[in-house]
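The structure appears right after this line, and notes come after that.
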Amino acid sequence: PTPLGPTPKLVIDLERMQQLPQEKAGPLARYVATIQSQRGDYNGRVLSIRQEDLRSLAVIYDRSPGDLTEELINWGVLDPEARRAVDAF
Ligand code: C2E
Ligand code: C2E
Ligand code: C2E
């Protein structure tokens, strides 16, 4: 393991996501709703997603995974620790 520990998980703050304007959070909210439905996981305050899913979201938002991660951190939806998860790509 590195001195910083294992790769952090990508954890979406669902309460924060719901406070964002629709034109920003809309595609993310739809993607997250699909995962919740597939898992049957509807009642969480947060949702852990796959690294793969960040790649898919980057395509949806037409950004690089790194740029999208910065945006999600700016929106308060991802923790700044998530940068290390994307560095691991
Ligand atoms: P699947 O990918 O065939 O996964 C089947 C089951 O294996 C999942 O059932 C879950 O119990 C477990 N599993 C697979 N990968 C992981 C993992 O990285 N971490 C954990 N904790 N468990 C894992 P589950 O949760 O009922 O999901 C059913 C199906 O829904 C999955 O089938 C997959 O097709 C989809 N799905 C669920 N969550 C996600 C997600 O975050 N991203 C994507 N792309 N698909 C998801
Ligand atoms: P953790 O991954 O650090 O998650 C801490 C808490 O955040 C979880 O407490 C849960 O309340 C919430 N949380 C994180 N991701 C999700 C999510 O995708 N959906 C929902 N609904 N809530 C989420 P909890 O459930 O008591 O779990 C405590 C710890 O147990 C987790 O810490 C993790 O280390 C482990 N754990 C729980 N479920 C799984 C799992 O499916 N796979 C693995 N590998 N570990 C799990
Ligand atoms: P986690 O459950 O702690 O899993 C951490 C990593 O272990 C996953 O990172 C993945 O690389 C690997 N892993 C765990 N279970 C499986 C599995 O059944 N099959 C495979 N092929 N790999 C597995 P990843 O994919 O980035 O997922 C991050 C977190 O997202 C997971 O942490 C879990 O909290 C959540 N997650 C991802 N997929 C699913 C899923 O299908 N169902 C549920 N309930 N949670 C999922």
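By convention here, the chains of the structure tokens are called A, B, ... in the order presented, each chain's residues are numbered starting at 1, and ligands are numbered starting at 1 in the order presented.
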Around ligand 3, at most 12 Å away and counting only C-alpha atoms and all ligand atoms, which residues are there? Put them as a short mmCIF file (atom, residue, chain, number, x, y, z; two decimals) with C-alpha atoms, in the first residue's frame, please.
data_model
loop_
_atom_site.label_atom_id
_atom_site.label_comp_id
_atom_site.auth_asym_id
_atom_site.auth_seq_id
_atom_site.Cartn_x
_atom_site.Cartn_y
_atom_site.Cartn_z
CA PRO A 6 -5.81 2.34 -0.64
CA THR A 7 -7.63 4.00 -3.52
CA PRO A 8 -10.59 5.88 -2.08
CA LYS A 9 -14.11 5.02 -3.15
CA LEU A 10 -16.19 7.32 -5.31
CA VAL A 11 -19.07 8.26 -3.03
CA ILE A 12 -21.82 10.51 -4.40
CA VAL A 32 -27.51 7.43 -10.16
CA THR A 34 -30.46 3.74 -12.66
CA ILE A 35 -27.82 2.29 -10.31
CA GLN A 36 -30.15 2.62 -7.31
CA SER A 37 -32.84 0.78 -9.23
CA GLN A 38 -30.44 -2.00 -10.31
CA ARG A 39 -29.26 -2.47 -6.72
CA GLY A 40 -32.60 -1.88 -5.04
CA ASP A 41 -30.68 0.69 -2.92
CA TYR A 42 -33.05 3.67 -2.58
CA GLY A 44 -29.04 5.96 1.30
CA VAL A 46 -24.77 8.54 -0.28
CA LEU A 47 -24.12 6.07 -3.11
CA SER A 48 -20.80 4.35 -3.81
CA ILE A 49 -20.24 4.00 -7.56
CA ARG A 50 -17.78 2.05 -9.68
CA GLN A 51 -14.68 3.67 -11.14
CA GLU A 52 -16.06 2.43 -14.48
CA ASP A 53 -19.15 4.53 -13.89
CA LEU A 54 -17.07 7.70 -13.67
CA ARG A 55 -15.71 6.92 -17.14
CA ALA A 82 -11.88 11.31 -5.07
CA ALA A 85 -9.37 7.48 -7.30
CA VAL A 86 -9.17 9.13 -10.72
CA ALA A 88 -5.47 5.55 -10.40
CA PHE A 89 -7.11 5.28 -13.88
#
For this session: Write out as a PyMOL selection string each polymer residue whose atoms come within 9 Å of Arg83 in chain A, counting only C-alpha atoms; drop sequence neighbours fewer than 3 positions from it.
Result: chain A and resi 8+66+69-70+73+79-80+86-88
Problem set entry | 10 Å contact set for range 21-26 of chain A, only C-alpha atoms, chain neighbours under 6 positions out, as a list in words | Val32, Tyr61, Glu71, Leu72, Trp75 and Val77 of chain A
For this session: Quick one: pick out all strand (DSSP E or B) residues within chain A from a backbone DSSP run and write them as a VMD selection string.
Result: chain A and resid 10 to 13 46 to 49
Exercise. Between A:Asp13, A:Gly76, A:Ala33, A:Pro65, which has the minimum distance to ligand 1 (counting only C-alpha atoms and all ligand atoms)?
Worked result: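 Among the listed residues, A:Ala33 lies closest to ligand 1.
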Exercise. Can you list, as a PyMOL selection string, every residue of chain A that DSSP puts in helix (DSSP H, G or I)?
Worked result: chain A and resi 14-19+22-39+51-61+65-74+82-87
I need the residues from that last selection saved to file as a compact mmCIF listing (two decimals), in the first residue's frame (with N, CA and C atoms), if you can.
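Listed below is the output, part.txt:
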# COMPACT_ATOMS: atom_id res chain seq x y z
N LEU A 14 -25.83 12.30 -2.19
CA LEU A 14 -27.13 12.39 -2.86
C LEU A 14 -27.92 13.62 -2.43
N GLU A 15 -27.78 14.04 -1.18
CA GLU A 15 -28.50 15.23 -0.71
C GLU A 15 -28.00 16.48 -1.44
N ARG A 16 -26.69 16.59 -1.54
CA ARG A 16 -26.09 17.71 -2.26
C ARG A 16 -26.53 17.69 -3.74
N MET A 17 -26.52 16.49 -4.33
CA MET A 17 -26.90 16.36 -5.74
C MET A 17 -28.31 16.90 -5.98
N GLN A 18 -29.20 16.62 -5.03
CA GLN A 18 -30.59 17.05 -5.21
C GLN A 18 -30.76 18.56 -5.09
N GLN A 19 -29.77 19.25 -4.47
CA GLN A 19 -29.86 20.70 -4.34
C GLN A 19 -29.35 21.44 -5.58
N GLN A 22 -31.05 21.58 -12.15
CA GLN A 22 -31.31 20.46 -13.04
C GLN A 22 -30.36 20.40 -14.23
N GLU A 23 -30.00 21.59 -14.79
CA GLU A 23 -29.17 21.58 -16.00
C GLU A 23 -27.75 21.08 -15.71
N LYS A 24 -27.32 21.18 -14.45
CA LYS A 24 -26.03 20.61 -14.07
C LYS A 24 -26.16 19.14 -13.70
N ALA A 25 -27.05 18.86 -12.75
CA ALA A 25 -27.08 17.54 -12.11
C ALA A 25 -27.96 16.54 -12.85
N GLY A 26 -28.74 16.99 -13.85
CA GLY A 26 -29.71 16.10 -14.49
C GLY A 26 -29.14 14.77 -14.96
N PRO A 27 -28.09 14.77 -15.82
CA PRO A 27 -27.56 13.50 -16.30
C PRO A 27 -27.01 12.62 -15.17
N LEU A 28 -26.32 13.25 -14.20
CA LEU A 28 -25.81 12.50 -13.05
C LEU A 28 -26.96 11.88 -12.27
N ALA A 29 -28.01 12.67 -12.04
CA ALA A 29 -29.14 12.18 -11.25
C ALA A 29 -29.82 10.99 -11.94
N ARG A 30 -29.93 11.05 -13.26
CA ARG A 30 -30.54 9.93 -13.99
C ARG A 30 -29.67 8.69 -13.91
N TYR A 31 -28.35 8.87 -14.02
CA TYR A 31 -27.42 7.73 -13.96
C TYR A 31 -27.49 7.08 -12.58
N VAL A 32 -27.45 7.93 -11.55
CA VAL A 32 -27.51 7.43 -10.16
C VAL A 32 -28.84 6.70 -9.91
N ALA A 33 -29.93 7.25 -10.44
CA ALA A 33 -31.23 6.60 -10.25
C ALA A 33 -31.24 5.21 -10.87
N THR A 34 -30.54 5.06 -12.01
CA THR A 34 -30.46 3.74 -12.66
C THR A 34 -29.72 2.75 -11.77
N ILE A 35 -28.58 3.18 -11.20
CA ILE A 35 -27.82 2.29 -10.31
C ILE A 35 -28.65 1.92 -9.08
N GLN A 36 -29.32 2.91 -8.50
CA GLN A 36 -30.15 2.62 -7.31
C GLN A 36 -31.20 1.58 -7.64
N SER A 37 -31.80 1.73 -8.83
CA SER A 37 -32.84 0.78 -9.23
C SER A 37 -32.26 -0.61 -9.45
N GLN A 38 -31.06 -0.69 -10.08
CA GLN A 38 -30.44 -2.00 -10.31
C GLN A 38 -30.10 -2.69 -9.00
N ARG A 39 -29.64 -1.89 -8.02
CA ARG A 39 -29.26 -2.47 -6.72
C ARG A 39 -30.43 -2.64 -5.77
N GLN A 51 -15.59 2.84 -10.35
CA GLN A 51 -14.68 3.67 -11.14
C GLN A 51 -15.12 3.70 -12.61
N GLU A 52 -15.54 2.53 -13.12
CA GLU A 52 -16.06 2.43 -14.48
C GLU A 52 -17.18 3.44 -14.74
N ASP A 53 -17.99 3.64 -13.71
CA ASP A 53 -19.15 4.53 -13.89
C ASP A 53 -18.70 5.99 -14.05
N LEU A 54 -17.56 6.34 -13.47
CA LEU A 54 -17.07 7.70 -13.67
C LEU A 54 -16.62 7.90 -15.13
N ARG A 55 -16.05 6.85 -15.71
CA ARG A 55 -15.71 6.92 -17.14
C ARG A 55 -16.97 7.13 -17.98
N SER A 56 -18.01 6.38 -17.68
CA SER A 56 -19.26 6.52 -18.45
C SER A 56 -19.84 7.91 -18.27
N LEU A 57 -19.81 8.41 -17.04
CA LEU A 57 -20.34 9.75 -16.77
C LEU A 57 -19.53 10.82 -17.51
N ALA A 58 -18.21 10.62 -17.61
CA ALA A 58 -17.37 11.58 -18.33
C ALA A 58 -17.77 11.65 -19.80
N VAL A 59 -18.10 10.50 -20.39
CA VAL A 59 -18.58 10.49 -21.78
C VAL A 59 -19.90 11.24 -21.87
N ILE A 60 -20.79 10.99 -20.94
CA ILE A 60 -22.11 11.65 -20.94
C ILE A 60 -21.94 13.17 -20.84
N TYR A 61 -21.01 13.62 -19.99
CA TYR A 61 -20.80 15.06 -19.81
C TYR A 61 -19.82 15.64 -20.82
N PRO A 65 -12.37 12.24 -17.56
CA PRO A 65 -12.69 11.83 -16.19
C PRO A 65 -12.12 12.78 -15.14
N GLY A 66 -10.88 13.29 -15.38
CA GLY A 66 -10.27 14.21 -14.43
C GLY A 66 -11.04 15.53 -14.32
N ASP A 67 -11.43 16.08 -15.49
CA ASP A 67 -12.19 17.34 -15.48
C ASP A 67 -13.55 17.15 -14.82
N LEU A 68 -14.21 16.04 -15.12
CA LEU A 68 -15.53 15.82 -14.52
C LEU A 68 -15.39 15.67 -13.00
N THR A 69 -14.32 14.98 -12.57
CA THR A 69 -14.11 14.83 -11.12
C THR A 69 -13.97 16.19 -10.45
N GLU A 70 -13.18 17.11 -11.07
CA GLU A 70 -13.04 18.46 -10.51
C GLU A 70 -14.39 19.16 -10.41
N GLU A 71 -15.20 19.01 -11.47
CA GLU A 71 -16.53 19.62 -11.47
C GLU A 71 -17.40 19.06 -10.33
N LEU A 72 -17.38 17.75 -10.18
CA LEU A 72 -18.21 17.13 -9.14
C LEU A 72 -17.73 17.53 -7.74
N ILE A 73 -16.40 17.74 -7.60
CA ILE A 73 -15.88 18.22 -6.32
C ILE A 73 -16.34 19.67 -6.10
N ASN A 74 -16.27 20.51 -7.16
CA ASN A 74 -16.75 21.89 -7.04
C ASN A 74 -18.22 21.96 -6.66
N ALA A 82 -11.56 12.05 -3.85
CA ALA A 82 -11.88 11.31 -5.07
C ALA A 82 -10.82 11.53 -6.15
N ARG A 83 -10.06 12.66 -6.06
CA ARG A 83 -8.99 12.89 -7.03
C ARG A 83 -8.04 11.71 -7.11
N ARG A 84 -7.77 11.10 -5.96
CA ARG A 84 -6.83 9.97 -5.96
C ARG A 84 -7.42 8.75 -6.65
N ALA A 85 -8.73 8.60 -6.60
CA ALA A 85 -9.37 7.48 -7.30
C ALA A 85 -9.20 7.64 -8.81
N VAL A 86 -9.28 8.89 -9.28
CA VAL A 86 -9.17 9.13 -10.72
C VAL A 86 -7.72 9.07 -11.17
N ASP A 87 -6.79 9.49 -10.31
CA ASP A 87 -5.37 9.35 -10.62
C ASP A 87 -5.01 7.89 -10.86
